[in-house]
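> Could you have a look at this structure, given as structure tokens, before my questions?
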Amino acid sequence: MPKQAREKVDVTSSLKNILDNYPAGSATLREILQNTDDAGAKKQGFILDTRTFASASLVGSELHVCQGPAIIATNDGYFKPENWEWITTILNSSKTQDENSTGKYGLGFRSCYHITDNPHILSGDKLLILDPHARVEQYEGGVELDTRRVANEAGEIEREVYKDHFATFSAVLKPEHDVYPGTAIRLSLRLPDFESKLKSTSTDVADARKMFQDFIAKELLEAMLFLKNITEIKLSKIDSDSNETVLATATIDNADASAVRRRGERTKQDGISPHPSPSPCKRGLPSLSRGAE
């Protein structure tokens with residue numbers, strides 16, 4: 001009887017090759033920001049959460065390395081079914097494929113592996129934990145958990161049985177939320193003594209803090225000028241006592257750009273050539289307020 005045979009993909013090698021083509025540091029925040037904007041969300045947050053959480057109630061003890069400090073990227077949009085498909089599909093490193101992935105959490109999203117080995121994506125009623133090293137044998141490659149307090153086929157209420165995974169999102173996921181009203185991507189910082197096939201260097205809280213500082217100083221205001229949909233970006237940090245401090249908030253008035261787009265749509269419907277697409281300056285000038293460093 002013929003036996004099935006197929007080529008296999010080494011996930012960690014593929015991801016490592018992708019990382020070689022993407023800069024580290026604050027550029028990772030920029031890639032996430034672009035994904036958020038392309039998806040049509042209006043608000044973006046970046047939180048440096050320095051807390052460490054319990055690790056007794058996890059789908060696998062191997063994931064205890066995800067319970068420490070992390071960067072959490074939040075926005076006010078929900079993942080659609082195609083977003084879940086794109087985020088679990090690794091494209092190769094061709095430029096064409098990356099351009100086709102704009103707004104689809106494609107190659108650019110993979111730059112988050114500069115920071116973490118296990119991205120956690122929370123949106124709506126689902127928490128997805130990616131595990132490219134396949135360390136959790138029972139759930140090779142990753143696992144999905146239900147945020148709702150309903151029993152699964154095995155009779156488990158996953159929100160309670162695996163509560164320590166959800167606890168790491170306590171900065172944004174409140175006890176009364178059965179469904180998370182948005183999207184949050186949590187990137188636990190890669191520990192210094194953690195052997196990774198993706199990257200040999202670790203990322204500590206000081207590195208993450210510098211990433212935030214560089215983004216605020218060099219990229220935040222300029223990014224606001226060229227985004228299509230986002231009108232607010234906020235960066236904050238949470239200390240070990242759960243106190244949150246806002247580091248910077250940038251806002252922009254999108255009314256001018258919206259009016260130009262609507263006028264263009266009306267003239268096109270009337271058979272008249274619409275005005276050119278609004279330039280970045282049509283969004284107005286962004287404003288920046290800075291908090292404590």
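By convention in this document, the chains of the structure tokens carry letters A, B, ... by their order, each chain's residues are numbered from 1, and ligands are numbered from 1 in the order they are shown.
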For region 187-217 of chain A against region 25-46 of chain A, with a cut-off of 12 Å and counting only C-alpha atoms, what is the closest atom pair and its distance in Å to one decimal for every residue that makes the cut, ordered by chain and number, as a Markdown table?


| residue | atom | partner | partner_atom | distance |
| --- | --- | --- | --- | --- |
| A:Leu187 | CA | A:Phe46 | CA | 10.8 |
| A:Thr203 | CA | A:Gly25 | CA | 9.8 |
| A:Ala206 | CA | A:Gly25 | CA | 11.9 |
| A:Asp207 | CA | A:Gly25 | CA | 8.3 |
| A:Ala208 | CA | A:Gly25 | CA | 8.1 |
| A:Arg209 | CA | A:Ser26 | CA | 10.0 |
| A:Lys210 | CA | A:Gly25 | CA | 8.3 |
| A:Met211 | CA | A:Ser26 | CA | 4.8 |
| A:Phe212 | CA | A:Ser26 | CA | 6.7 |
| A:Gln213 | CA | A:Ser26 | CA | 8.6 |
| A:Asp214 | CA | A:Ser26 | CA | 6.4 |
| A:Phe215 | CA | A:Ser26 | CA | 5.5 |
| A:Ile216 | CA | A:Ser26 | CA | 9.2 |
| A:Ala217 | CA | A:Ser26 | CA | 10.5 |

> Based on the backbone DSSP call, show me all residues of region 42-226 of chain A assigned helix (DSSP H, G or I), as a PyMOL selection string.

chain A and resi 61-66+81-87+95-100+107-114+137-139+158-161+163-167+205-218+220-226

> Neighbouring residues of Leu58 (chain A) were defined as those with any atom within 8 Å, considering only C-alpha atoms; residues of the same chain fewer than 2 positions away were excluded. Please report them as a compact mmCIF listing (two decimals) with all heavy atoms, in the first residue's frame.


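That gives us around.txt:
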# COMPACT_ATOMS: atom_id res chain seq x y z
N SER A 55 2.36 30.53 37.34
CA SER A 55 2.49 29.60 36.22
C SER A 55 1.99 28.20 36.58
O SER A 55 2.43 27.22 36.00
CB SER A 55 3.95 29.53 35.76
OG SER A 55 4.80 29.18 36.83
N ALA A 56 1.06 28.12 37.53
CA ALA A 56 0.56 26.81 37.95
C ALA A 56 -0.54 26.29 37.03
O ALA A 56 -0.70 25.07 36.88
CB ALA A 56 0.04 26.90 39.38
N GLY A 60 0.71 23.91 29.44
CA GLY A 60 1.94 23.13 29.52
C GLY A 60 2.94 23.88 30.36
O GLY A 60 3.09 25.10 30.22
N SER A 61 3.63 23.18 31.25
CA SER A 61 4.59 23.84 32.14
C SER A 61 5.71 24.52 31.35
O SER A 61 6.36 25.45 31.85
CB SER A 61 5.17 22.83 33.13
OG SER A 61 5.85 21.78 32.44
N LEU A 63 5.51 26.55 29.11
CA LEU A 63 5.17 27.94 28.80
C LEU A 63 5.33 28.87 30.00
O LEU A 63 4.92 30.03 29.93
CB LEU A 63 3.73 28.02 28.26
CG LEU A 63 3.50 27.35 26.91
CD1 LEU A 63 2.03 27.45 26.51
CD2 LEU A 63 4.38 27.98 25.83
N HIS A 64 5.96 28.39 31.06
CA HIS A 64 6.19 29.26 32.22
C HIS A 64 7.06 30.45 31.83
O HIS A 64 7.00 31.50 32.48
CB HIS A 64 6.86 28.48 33.35
CG HIS A 64 8.31 28.19 33.12
ND1 HIS A 64 8.73 27.12 32.35
CD2 HIS A 64 9.44 28.83 33.54
CE1 HIS A 64 10.06 27.12 32.31
NE2 HIS A 64 10.50 28.13 33.02
N VAL A 161 -9.67 26.91 33.99
CA VAL A 161 -8.67 25.85 34.13
C VAL A 161 -7.26 26.36 33.79
O VAL A 161 -6.28 25.99 34.43
CB VAL A 161 -9.03 24.65 33.23
CG1 VAL A 161 -7.93 23.58 33.28
CG2 VAL A 161 -10.36 24.04 33.68
N TYR A 162 -7.18 27.25 32.80
CA TYR A 162 -5.89 27.77 32.36
C TYR A 162 -5.81 29.27 32.65
O TYR A 162 -5.36 30.07 31.83
CB TYR A 162 -5.69 27.48 30.87
CG TYR A 162 -5.89 26.02 30.53
CD1 TYR A 162 -6.99 25.60 29.80
CD2 TYR A 162 -5.00 25.06 30.99
CE1 TYR A 162 -7.20 24.25 29.51
CE2 TYR A 162 -5.19 23.70 30.71
CZ TYR A 162 -6.30 23.31 29.97
OH TYR A 162 -6.48 21.99 29.69
N LYS A 163 -6.25 29.62 33.85
CA LYS A 163 -6.43 31.02 34.21
C LYS A 163 -5.15 31.84 34.19
O LYS A 163 -5.19 33.06 33.98
CB LYS A 163 -7.08 31.12 35.59
CG LYS A 163 -6.25 30.49 36.71
CD LYS A 163 -6.97 30.56 38.05
CE LYS A 163 -6.14 29.94 39.16
NZ LYS A 163 -6.86 29.99 40.46
N ASP A 164 -4.00 31.19 34.38
CA ASP A 164 -2.76 31.96 34.44
C ASP A 164 -2.37 32.53 33.08
O ASP A 164 -1.67 33.55 33.00
CB ASP A 164 -1.62 31.11 35.01
CG ASP A 164 -1.81 30.83 36.50
OD1 ASP A 164 -2.55 31.60 37.15
OD2 ASP A 164 -1.23 29.85 37.01
N HIS A 165 -2.81 31.90 31.99
CA HIS A 165 -2.59 32.47 30.66
C HIS A 165 -3.37 33.78 30.53
O HIS A 165 -2.87 34.78 30.02
CB HIS A 165 -3.03 31.50 29.57
CG HIS A 165 -2.11 30.34 29.36
ND1 HIS A 165 -0.78 30.49 29.04
CD2 HIS A 165 -2.34 29.00 29.42
CE1 HIS A 165 -0.22 29.30 28.91
NE2 HIS A 165 -1.15 28.38 29.15

> Between A:Pro286, A:Asn21, A:Asp239, A:Pro192, which has the minimum distance to Leu227 (chain A) (counting only C-alpha atoms)?

A:Pro286

> Counting only C-alpha atoms, which residues of region 150-247 of chain A sit at most 10 Å from some atom of region 65-70 of chain A, and what is each one's closest atom pair with its distance in Å to one decimal, listed by chain and rising residue number, as CSV?


residue,atom,partner,partner_atom,distance
A:Asp164,CA,A:Gln67,CA,8.1
A:His165,CA,A:Gln67,CA,7.8
A:Ala167,CA,A:Gln67,CA,9.0
A:Thr168,CA,A:Gln67,CA,6.7
A:Phe169,CA,A:Ala70,CA,9.9
A:Ile185,CA,A:Ala70,CA,10.0
A:Arg186,CA,A:Ala70,CA,6.5
A:Leu187,CA,A:Ala70,CA,5.3
A:Ser188,CA,A:Ala70,CA,4.0
A:Leu189,CA,A:Ala70,CA,5.2
A:Arg190,CA,A:Val65,CA,7.9
A:Leu191,CA,A:Val65,CA,7.2
A:Phe194,CA,A:Val65,CA,8.0
A:Thr203,CA,A:Ala70,CA,9.7
A:Asp204,CA,A:Pro69,CA,8.1
A:Val205,CA,A:Pro69,CA,7.0
A:Ala208,CA,A:Ala70,CA,8.5
A:Ile238,CA,A:Pro69,CA,9.6
A:Asp239,CA,A:Pro69,CA,9.7
A:Ser240,CA,A:Pro69,CA,9.4

> Looking only at the backbone, which of the residues in region 77-224 of chain A does DSSP tag as strand (DSSP E), as JSON, numbers by chain?

{"A": [119, 120, 121, 122, 123, 124, 126, 127, 128, 129, 130, 131, 141, 142, 143, 144, 145, 146, 180, 181, 182, 183, 184, 185, 186, 187, 188]}

> Since we have the selection now, will you write its residues out, keeping N, CA, C and O atoms, as a compact mmCIF listing (two decimals), in the first residue's frame?


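out16.txt written:
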# COMPACT_ATOMS: atom_id res chain seq x y z
N PRO A 119 4.39 34.52 20.80
CA PRO A 119 3.37 35.57 20.73
C PRO A 119 2.01 35.03 21.21
O PRO A 119 1.64 33.90 20.89
N HIS A 120 1.31 35.85 21.97
CA HIS A 120 -0.05 35.54 22.42
C HIS A 120 -0.98 36.56 21.76
O HIS A 120 -0.75 37.77 21.86
N ILE A 121 -2.02 36.09 21.10
CA ILE A 121 -2.96 36.99 20.42
C ILE A 121 -4.35 36.78 21.01
O ILE A 121 -4.91 35.69 20.94
N LEU A 122 -4.88 37.84 21.59
CA LEU A 122 -6.21 37.82 22.21
C LEU A 122 -7.14 38.71 21.40
O LEU A 122 -6.85 39.88 21.18
N SER A 123 -8.25 38.16 20.93
CA SER A 123 -9.22 38.97 20.19
C SER A 123 -10.58 38.29 20.25
O SER A 123 -10.69 37.08 20.01
N GLY A 124 -11.60 39.06 20.61
CA GLY A 124 -12.93 38.49 20.70
C GLY A 124 -12.98 37.39 21.74
O GLY A 124 -12.63 37.59 22.90
N LYS A 126 -11.25 34.49 21.62
CA LYS A 126 -10.16 33.54 21.40
C LYS A 126 -8.82 34.09 21.89
O LYS A 126 -8.50 35.26 21.69
N LEU A 127 -8.05 33.22 22.52
CA LEU A 127 -6.65 33.48 22.85
C LEU A 127 -5.81 32.44 22.13
O LEU A 127 -5.95 31.24 22.37
N LEU A 128 -4.94 32.91 21.25
CA LEU A 128 -4.05 32.04 20.49
C LEU A 128 -2.63 32.20 21.03
O LEU A 128 -2.12 33.31 21.15
N ILE A 129 -2.00 31.07 21.36
CA ILE A 129 -0.60 31.06 21.81
C ILE A 129 0.22 30.31 20.78
O ILE A 129 -0.01 29.13 20.53
N LEU A 130 1.15 31.00 20.14
CA LEU A 130 2.00 30.38 19.14
C LEU A 130 3.25 29.80 19.80
O LEU A 130 3.85 30.43 20.68
N ASP A 131 3.64 28.62 19.36
CA ASP A 131 4.76 27.89 19.96
C ASP A 131 5.62 27.28 18.85
O ASP A 131 5.59 26.08 18.62
N GLY A 141 3.04 23.31 18.17
CA GLY A 141 2.97 24.51 17.34
C GLY A 141 2.12 25.63 17.90
O GLY A 141 2.25 26.78 17.49
N GLY A 142 1.23 25.32 18.82
CA GLY A 142 0.39 26.36 19.39
C GLY A 142 -0.92 25.82 19.92
O GLY A 142 -1.26 24.65 19.74
N VAL A 143 -1.68 26.70 20.58
CA VAL A 143 -2.94 26.28 21.19
C VAL A 143 -3.91 27.45 21.21
O VAL A 143 -3.51 28.61 21.31
N GLU A 144 -5.20 27.14 21.06
CA GLU A 144 -6.26 28.14 21.16
C GLU A 144 -7.05 27.91 22.44
O GLU A 144 -7.37 26.77 22.78
N LEU A 145 -7.38 29.00 23.12
CA LEU A 145 -8.21 28.93 24.32
C LEU A 145 -9.42 29.84 24.15
O LEU A 145 -9.35 30.88 23.49
N ASP A 146 -10.52 29.43 24.77
CA ASP A 146 -11.78 30.17 24.70
C ASP A 146 -11.86 31.13 25.89
O ASP A 146 -11.69 30.72 27.04
N TYR A 180 -13.21 39.65 24.66
CA TYR A 180 -12.37 40.84 24.73
C TYR A 180 -12.76 41.82 23.64
O TYR A 180 -12.77 41.46 22.45
N PRO A 181 -13.05 43.06 23.98
CA PRO A 181 -13.54 44.04 23.01
C PRO A 181 -12.42 44.70 22.21
O PRO A 181 -12.21 45.91 22.27
N GLY A 182 -11.71 43.93 21.44
CA GLY A 182 -10.60 44.45 20.65
C GLY A 182 -9.59 43.36 20.38
O GLY A 182 -9.91 42.17 20.39
N THR A 183 -8.36 43.78 20.16
CA THR A 183 -7.26 42.84 19.92
C THR A 183 -6.07 43.24 20.78
O THR A 183 -5.74 44.43 20.87
N ALA A 184 -5.45 42.27 21.41
CA ALA A 184 -4.24 42.51 22.20
C ALA A 184 -3.21 41.44 21.84
O ALA A 184 -3.50 40.25 21.86
N ILE A 185 -2.03 41.89 21.50
CA ILE A 185 -0.92 40.99 21.16
C ILE A 185 0.13 41.12 22.26
O ILE A 185 0.69 42.19 22.46
N ARG A 186 0.36 40.03 22.96
CA ARG A 186 1.29 40.04 24.08
C ARG A 186 2.59 39.35 23.69
O ARG A 186 2.59 38.21 23.23
N LEU A 187 3.70 40.07 23.87
CA LEU A 187 5.02 39.57 23.52
C LEU A 187 5.83 39.46 24.80
O LEU A 187 6.42 40.45 25.28
N SER A 188 5.85 38.28 25.41
CA SER A 188 6.65 38.09 26.62
C SER A 188 8.12 38.20 26.25
O SER A 188 8.57 37.66 25.24

> Find the residue from A:Lys197, A:Asn17, A:Glu244, A:Thr231 that sits nearest to Ala134 (chain A); use only C-alpha atoms when measuring.

A:Lys197

> With only C-alpha atoms as the counted atoms, please give the residues lying no more than 9 Å from Arg110 (chain A), apart from itself and same-chain residues fewer than 5 positions off, as a PyMOL selection string.

chain A and resi 15+18-19+22+28+87+90+105
